[in-house]
file entry_28.cif (mmCIF, C-alpha atoms)
data_final
loop_
_atom_site.label_atom_id
_atom_site.label_comp_id
_atom_site.auth_asym_id
_atom_site.auth_seq_id
_atom_site.Cartn_x
_atom_site.Cartn_y
_atom_site.Cartn_z
CA MET I 1 -10.91 26.74 32.78
CA GLN I 2 -13.15 27.44 29.76
CA ARG I 3 -10.56 29.81 28.30
CA THR I 4 -7.86 27.17 28.75
CA SER I 5 -10.04 24.59 27.00
CA ARG I 6 -10.64 26.94 24.08
CA ALA I 7 -6.94 27.76 23.89
CA ASN I 8 -6.08 24.06 23.79
CA ARG I 9 -8.62 23.39 21.05
CA PHE I 10 -7.28 26.32 19.05
CA ALA I 11 -3.71 25.10 19.49
CA PHE I 12 -4.64 21.59 18.37
CA SER I 13 -6.61 22.92 15.39
CA ALA I 14 -3.82 25.29 14.36
CA THR I 15 -1.19 22.55 14.64
CA GLY I 16 -3.35 20.10 12.68
CA GLY I 17 -4.03 22.70 9.99
CA ALA I 18 -0.35 23.54 9.69
CA LEU I 19 0.59 19.86 9.35
CA ALA I 20 -2.17 19.34 6.77
CA ILE I 21 -0.85 22.23 4.69
CA LEU I 22 2.71 20.93 5.05
CA PHE I 23 1.76 17.48 3.76
CA LEU I 24 -0.62 18.72 1.07
CA PHE I 25 1.71 21.36 -0.34
CA PRO I 26 3.82 18.97 -2.52
CA LEU I 27 0.69 17.42 -4.03
CA LEU I 28 -0.94 20.80 -4.62
CA TRP I 29 2.26 22.08 -6.19
CA SER I 30 2.39 19.03 -8.47
CA GLY I 31 -1.20 19.70 -9.54
CA TYR I 32 -0.37 23.34 -10.23
CA ALA I 33 2.80 22.50 -12.16
CA SER I 34 1.02 19.82 -14.20
CA LEU I 35 -1.51 22.37 -15.48
CA ARG I 36 0.93 25.20 -16.10
CA THR I 37 2.04 25.65 -19.70
CA SER I 38 4.06 28.21 -21.62
CA SER I 39 0.85 29.93 -22.68
CA GLY I 40 -0.99 29.72 -19.37
CA PHE I 41 -2.89 26.73 -18.02
CA GLY I 42 -4.21 23.67 -19.80
CA LEU I 43 -3.95 19.91 -20.28
CA GLU I 44 -0.99 19.96 -22.68
CA ASN I 45 1.30 18.28 -20.16
CA TYR I 46 -1.16 15.41 -19.71
CA ASP I 47 -1.43 15.06 -23.48
CA ARG I 48 2.36 14.70 -23.76
CA LEU I 49 2.37 12.26 -20.86
CA PHE I 50 0.02 9.86 -22.64
CA THR I 51 1.20 10.42 -26.23
CA SER I 52 4.99 10.62 -25.85
CA ASP I 53 7.05 7.61 -26.90
CA ASN I 54 8.33 7.25 -23.34
CA GLY I 55 5.11 8.25 -21.60
CA ILE I 56 2.41 6.20 -19.92
CA ARG I 57 0.73 3.59 -22.08
CA PRO I 58 -2.43 1.58 -21.32
CA HIS I 59 -0.38 -1.55 -20.69
CA ASN I 60 1.62 0.29 -18.01
CA VAL I 61 -1.59 1.05 -16.13
CA VAL I 62 -2.78 -2.54 -16.59
CA ASN I 63 0.55 -3.84 -15.26
CA SER I 64 0.32 -1.63 -12.18
CA LEU I 65 -3.27 -2.67 -11.53
CA THR I 66 -2.32 -6.34 -11.95
CA VAL I 67 0.60 -6.08 -9.52
CA SER I 68 -1.54 -4.14 -7.04
CA ALA I 69 -4.41 -6.64 -7.25
CA LEU I 70 -2.09 -9.62 -6.78
CA THR I 71 -0.28 -7.93 -3.91
CA VAL I 72 -3.47 -6.89 -2.12
CA GLY I 73 -5.11 -10.29 -2.60
CA GLY I 74 -2.05 -12.27 -1.55
CA THR I 75 -1.34 -10.03 1.43
CA LEU I 76 -4.93 -10.22 2.68
CA LEU I 77 -5.04 -14.00 2.30
CA VAL I 78 -1.76 -14.73 4.08
CA ALA I 79 -2.15 -12.00 6.71
CA THR I 80 -5.71 -13.07 7.55
CA LEU I 81 -4.83 -16.74 7.98
CA GLY I 82 -1.58 -15.92 9.78
CA GLY I 83 -3.16 -13.30 12.01
CA TYR I 84 -5.96 -15.72 12.88
CA ALA I 85 -3.43 -18.39 13.84
CA PHE I 86 -1.28 -16.01 15.90
CA GLY I 87 -4.27 -14.34 17.53
CA ARG I 88 -6.47 -17.32 18.30
CA PHE I 89 -4.36 -20.49 18.61
CA LYS I 90 -1.60 -21.63 20.94
CA PHE I 91 1.29 -23.59 19.49
CA TRP I 92 4.94 -24.20 20.26
CA GLY I 93 7.26 -21.40 19.16
CA LYS I 94 4.40 -19.01 18.46
CA GLU I 95 6.00 -15.88 19.89
CA ALA I 96 9.44 -16.68 18.47
CA LEU I 97 7.98 -17.19 14.99
CA PHE I 98 6.05 -13.94 15.26
CA LEU I 99 9.19 -12.03 16.29
CA VAL I 100 11.16 -13.56 13.44
CA THR I 101 8.46 -12.40 11.03
CA LEU I 102 8.56 -8.88 12.45
CA ALA I 103 12.35 -8.92 12.14
CA ILE I 104 11.93 -8.65 8.36
CA LEU I 105 11.14 -4.98 9.00
CA MET I 106 14.73 -4.49 10.17
CA VAL I 107 16.16 -5.62 6.83
CA PRO I 108 16.29 -2.92 4.13
CA TYR I 109 14.66 -4.70 1.23
CA ALA I 110 16.98 -3.00 -1.26
CA THR I 111 19.88 -5.01 0.15
CA ILE I 112 18.32 -8.37 -0.77
CA LEU I 113 16.60 -7.55 -4.06
CA ILE I 114 19.48 -9.00 -6.07
CA ALA I 115 19.26 -12.26 -4.11
CA LEU I 116 15.50 -12.28 -4.67
CA TYR I 117 16.08 -11.67 -8.38
CA VAL I 118 18.27 -14.78 -8.52
CA LEU I 119 15.72 -16.77 -6.50
CA LEU I 120 12.92 -15.75 -8.87
CA GLY I 121 15.10 -16.96 -11.71
CA TRP I 122 15.33 -20.41 -10.11
CA LEU I 123 11.54 -20.43 -9.76
CA GLY I 124 10.98 -19.34 -13.35
CA LEU I 125 9.36 -16.09 -12.21
CA GLN I 126 12.09 -13.67 -13.24
CA ASP I 127 10.90 -10.62 -15.18
CA SER I 128 7.25 -11.40 -14.36
CA LEU I 129 4.47 -9.49 -12.65
CA ILE I 130 3.72 -12.53 -10.46
CA GLY I 131 7.31 -12.64 -9.21
CA LEU I 132 7.24 -8.92 -8.47
CA SER I 133 3.95 -9.35 -6.58
CA LEU I 134 5.39 -12.17 -4.46
CA VAL I 135 8.30 -9.97 -3.43
CA LEU I 136 5.97 -7.11 -2.50
CA ILE I 137 3.73 -9.50 -0.54
CA MET I 138 6.72 -10.75 1.43
CA PHE I 139 7.68 -7.26 2.52
CA GLN I 140 4.08 -6.42 3.42
CA LEU I 141 3.69 -9.43 5.72
CA PRO I 142 5.37 -8.15 8.92
CA PHE I 143 3.12 -5.09 9.21
CA SER I 144 0.08 -6.97 7.92
CA LEU I 145 0.48 -9.89 10.34
CA PHE I 146 0.98 -7.45 13.20
CA MET I 147 -2.21 -5.59 12.30
CA MET I 148 -4.31 -8.71 11.79
CA ARG I 149 -3.07 -10.42 14.95
CA ASN I 150 -4.03 -7.37 16.98
CA SER I 151 -7.37 -7.12 15.18
CA PHE I 152 -8.24 -10.75 15.98
CA GLU I 153 -7.10 -10.40 19.59
CA ALA I 154 -9.34 -7.35 19.99
CA VAL I 155 -12.41 -9.50 19.22
CA PRO I 156 -13.87 -11.18 22.37
CA ALA I 157 -13.11 -14.89 22.56
CA GLU I 158 -16.75 -15.51 23.52
CA LEU I 159 -17.68 -15.14 19.85
CA ASP I 160 -15.54 -18.15 19.00
CA GLU I 161 -17.08 -20.19 21.80
CA SER I 162 -20.61 -19.28 20.73
CA ALA I 163 -19.85 -20.22 17.14
CA GLN I 164 -18.39 -23.56 18.20
CA VAL I 165 -21.47 -24.29 20.31
CA ASP I 166 -23.56 -23.68 17.17
CA GLY I 167 -21.48 -26.27 15.32
CA CYS I 168 -18.95 -24.08 13.49
CA ASN I 169 -15.42 -25.33 12.99
CA SER I 170 -12.36 -23.06 12.99
CA PHE I 171 -12.69 -22.14 9.32
CA SER I 172 -16.42 -21.41 9.58
CA THR I 173 -15.80 -19.31 12.68
CA LEU I 174 -13.22 -17.29 10.76
CA THR I 175 -15.31 -16.72 7.64
CA ARG I 176 -18.74 -16.23 9.23
CA ILE I 177 -18.01 -14.59 12.57
CA LEU I 178 -14.54 -13.07 12.78
CA LEU I 179 -13.97 -11.60 9.33
CA PRO I 180 -16.86 -9.10 9.66
CA ALA I 181 -15.54 -8.16 13.10
CA VAL I 182 -12.00 -7.42 11.83
CA ARG I 183 -13.13 -5.57 8.69
CA PRO I 184 -11.32 -2.30 9.67
CA GLY I 185 -8.07 -4.22 10.03
CA LEU I 186 -8.58 -5.87 6.64
CA ILE I 187 -9.19 -2.50 5.00
CA THR I 188 -6.09 -1.04 6.63
CA VAL I 189 -3.92 -3.94 5.47
CA GLY I 190 -5.40 -3.89 1.97
CA LEU I 191 -5.01 -0.12 1.63
CA PHE I 192 -1.38 -0.23 2.74
CA ALA I 193 -0.67 -3.10 0.33
CA PHE I 194 -2.25 -1.17 -2.54
CA LEU I 195 -0.41 2.08 -1.79
CA THR I 196 2.91 0.27 -1.56
CA SER I 197 2.49 -1.80 -4.72
CA TRP I 198 0.97 1.02 -6.79
CA ASN I 199 3.75 3.48 -5.92
CA GLU I 200 6.68 1.03 -5.76
CA PHE I 201 9.60 1.97 -8.00
CA PHE I 202 12.80 0.29 -6.87
CA ALA I 203 11.56 -3.32 -6.91
CA PRO I 204 10.08 -3.09 -10.45
CA LEU I 205 13.27 -1.35 -11.60
CA ILE I 206 15.39 -4.31 -10.46
CA LEU I 207 13.01 -7.21 -11.11
CA LEU I 208 11.48 -6.21 -14.47
CA ASN I 209 13.46 -6.12 -17.69
CA SER I 210 10.87 -6.12 -20.47
CA THR I 211 9.43 -2.72 -21.36
CA ASP I 212 6.02 -4.28 -22.02
CA LYS I 213 5.90 -5.25 -18.32
CA PHE I 214 6.88 -1.84 -16.93
CA THR I 215 4.54 -0.31 -14.36
CA THR I 216 3.37 3.30 -14.33
CA THR I 217 6.16 4.32 -11.93
CA LEU I 218 8.81 3.18 -14.41
CA ALA I 219 6.93 4.80 -17.29
CA VAL I 220 6.75 8.13 -15.44
CA VAL I 221 10.46 8.05 -14.60
CA ASN I 222 11.30 7.29 -18.23
CA MET I 223 9.30 10.32 -19.37
CA ARG I 224 11.80 12.51 -21.21
CA THR I 225 11.76 14.83 -24.19
CA ALA I 226 13.41 13.84 -27.42
CA SER I 227 15.45 17.05 -27.64
CA HIS I 228 18.82 17.50 -25.93
CA GLY I 229 18.03 14.68 -23.48
CA SER I 230 16.35 17.11 -21.06
CA ILE I 231 13.62 15.98 -18.70
CA ASP I 232 10.07 17.17 -19.26
CA TYR I 233 9.34 18.16 -15.67
CA ALA I 234 5.84 19.41 -16.44
CA ALA I 235 4.85 16.03 -17.90
CA LEU I 236 6.49 14.32 -14.92
CA GLU I 237 4.34 16.39 -12.58
CA ALA I 238 1.31 15.30 -14.58
CA GLY I 239 2.42 11.71 -14.07
CA VAL I 240 2.70 12.29 -10.33
CA VAL I 241 -0.88 13.57 -10.26
CA VAL I 242 -2.15 10.63 -12.33
CA MET I 243 -0.49 8.17 -9.94
CA ALA I 244 -1.79 9.99 -6.86
CA VAL I 245 -5.45 10.10 -7.93
CA PRO I 246 -6.29 6.39 -7.27
CA CYS I 247 -4.62 6.59 -3.86
CA LEU I 248 -6.57 9.71 -2.91
CA ILE I 249 -9.88 8.20 -4.05
CA LEU I 250 -9.34 4.97 -2.10
CA PHE I 251 -8.29 6.81 1.03
CA ALA I 252 -11.26 9.18 0.79
CA PHE I 253 -13.72 6.28 0.71
CA MET I 254 -11.96 4.11 3.31
CA GLN I 255 -10.52 6.62 5.76
CA ARG I 256 -12.95 5.81 8.58
CA SER I 257 -12.27 2.08 8.50
CA TYR I 258 -8.57 2.83 8.02
CA VAL I 259 -8.42 4.92 11.19
CA ARG I 260 -10.47 2.33 13.13
CA GLY I 261 -8.14 -0.43 12.01
CA PHE I 262 -5.09 1.51 13.09
CA THR I 263 -6.69 2.39 16.43
CA SER I 264 -7.56 -1.21 17.25
CA GLY I 265 -4.02 -2.27 16.35
CA ALA I 266 -2.51 0.47 18.50
CA LEU I 267 -4.66 -0.43 21.50
CA LYS I 268 -3.59 -4.06 21.42
CA GLY I 269 -0.01 -3.45 20.29
#
call {"tool": "encode", "arguments": {"input": "entry_28.cif", "output": "structure tokens"}}
result
Amino acid sequence: MQRTSRANRFAFSATGGALAILFLFPLLWSGYASLRTSSGFGLENYDRLFTSDNGIRPHNVVNSLTVSALTVGGTLLVATLGGYAFGRFKFWGKEALFLVTLAILMVPYATILIALYVLLGWLGLQDSLIGLSLVLIMFQLPFSLFMMRNSFEAVPAELDESAQVDGCNSFSTLTRILLPAVRPGLITVGLFAFLTSWNEFFAPLILLNSTDKFTTTLAVVNMRTASHGSIDYAALEAGVVVMAVPCLILFAFMQRSYVRGFTSGALKG
């Protein structure tokens, strides 16, 4: 029995290690390629990335951070209020409305971006970072509402009753009692919203026209040499590393809450 247990642990560890290497290999290769130069290793590729005419500029980083901040903030606000309503209140058509919201996941967003572009034009938000953020928030809502509904349902209803006995209304119960209890779910939703908005390419490509509003993803894709129209792959790899660093840092600091949030959602889902 002990040998079987050890064999199982070894098998799980070996499988996990192999999967980790498989997923880390592209990032490690990008890091290696970004440092490799014709004369050895150095930071020349990063220098070209930030100094080239088509490379990353400070305003590209600011645009990406702005879109990410708006997307994360808007997603957390709507998903928290919506998840609280779906998880704690009873109203007519609740389940049907929730299923309709989840049905957005079945629609490839690329198929409706042109329609959204026209809609943003009617709203005066065409070619704007706010309009782009609203589109990203919309496509984050199905997953985010699902996570937050499950997070709120995982919290015992007795907490609400105790808060109401102490004189709290619904909003006070949410802000003072429930939000600390669903913190892992909030971190999971916020992290997913940031990763999606920070790395998004197709939506900015369609919805943004002005070069001064381009995000880092568009700047990295536009990174080309001035000779013969060839692509500077080494500088592109440097751009991949630059874009991956914030994601890795956030995940490193929030991985425990991220896993807890996913676990609570899985248990209730």
call {"tool": "resolve_selection", "arguments": {"input": "entry_28.cif", "expression": "the PyMOL selection byres ((chain I and resi 147-156) around 12)", "output": "NGL selection string"}}
result
:I and (75-89 or 94-95 or 98 or 102 or 140-146 or 157-162 or 173-174 or 177-190 or 192 or 258 or 260-269)
call {"tool": "resolve_selection", "arguments": {"input": "entry_28.cif", "expression": "the PyMOL selection byres ((chain I and resi 195) around 10)", "output": "compact mmCIF listing (two decimals) with C-alpha atoms, in the frame of the given file"}}
result
# COMPACT_ATOMS: atom_id res chain seq x y z
CA SER I 68 -1.54 -4.14 -7.04
CA VAL I 72 -3.47 -6.89 -2.12
CA GLY I 190 -5.40 -3.89 1.97
CA LEU I 191 -5.01 -0.12 1.63
CA PHE I 192 -1.38 -0.23 2.74
CA ALA I 193 -0.67 -3.10 0.33
CA PHE I 194 -2.25 -1.17 -2.54
CA THR I 196 2.91 0.27 -1.56
CA SER I 197 2.49 -1.80 -4.72
CA TRP I 198 0.97 1.02 -6.79
CA ASN I 199 3.75 3.48 -5.92
CA GLU I 200 6.68 1.03 -5.76
CA ALA I 244 -1.79 9.99 -6.86
CA PRO I 246 -6.29 6.39 -7.27
CA CYS I 247 -4.62 6.59 -3.86
CA LEU I 248 -6.57 9.71 -2.91
CA LEU I 250 -9.34 4.97 -2.10
CA PHE I 251 -8.29 6.81 1.03
call {"tool": "residues_around", "arguments": {"input": "entry_28.cif", "residues": "I:Phe201", "least_positions_apart": "4", "cutoff": "8 Å", "atoms": "only C-alpha atoms", "output": "PyMOL selection string"}}
result
chain I and resi 205+217-218
call {"tool": "residues_around", "arguments": {"input": "entry_28.cif", "residues": "stretch 208-214 of chain I", "least_positions_apart": "3", "cutoff": "10 Å", "atoms": "all atoms listed in the file", "output": "list in words"}}
result
Ile56, Arg57, His59, Asn60, Val61, Val62, Asn63, Ser64, Tyr117, Gln126, Asp127, Ser128, Leu129, Gly131, Leu132, Ala203, Pro204, Leu205, Thr217, Leu218 and Ala219 of chain I
call {"tool": "residues_around", "arguments": {"input": "entry_28.cif", "residues": "I:Val220", "least_positions_apart": "2", "cutoff": "8 Å", "atoms": "only C-alpha atoms", "output": "tab-separated table (two decimals) with C-alpha atoms, keeping the file's coordinate frame"}}
result
chain	number	residue	atom	x	y	z
I	55	GLY	CA	5.11	8.25	-21.60
I	56	ILE	CA	2.41	6.20	-19.92
I	216	THR	CA	3.37	3.30	-14.33
I	217	THR	CA	6.16	4.32	-11.93
I	218	LEU	CA	8.81	3.18	-14.41
I	222	ASN	CA	11.30	7.29	-18.23
I	223	MET	CA	9.30	10.32	-19.37
I	236	LEU	CA	6.49	14.32	-14.92
I	239	GLY	CA	2.42	11.71	-14.07
I	240	VAL	CA	2.70	12.29	-10.33
call {"tool": "atom_distance", "arguments": {"input": "entry_28.cif", "atom1": "atom CA of I:Phe202", "atom2": "atom CA of I:Ala110"}}
result
7.7 Å
call {"tool": "closest_residue", "arguments": {"input": "entry_28.cif", "among": "I:Val67, I:Ser172, I:Asp232, I:Tyr109", "to": "I:Thr215", "atoms": "only C-alpha atoms"}}
result
I:Val67
call {"tool": "resolve_selection", "arguments": {"input": "entry_28.cif", "expression": "the PyMOL selection byres ((chain I and resi 31) around 10)", "output": "NGL selection string"}}
result
:I and (25-30 or 32-36 or 234 or 237-242)
call {"tool": "atom_distance", "arguments": {"input": "entry_28.cif", "atom1": "atom CA of I:Asn45", "atom2": "atom CA of I:Val221"}}
result
14.8 Å
call {"tool": "atom_distance", "arguments": {"input": "entry_28.cif", "atom1": "atom CA of I:Met138", "atom2": "atom CA of I:Gly74"}}
result
9.4 Å
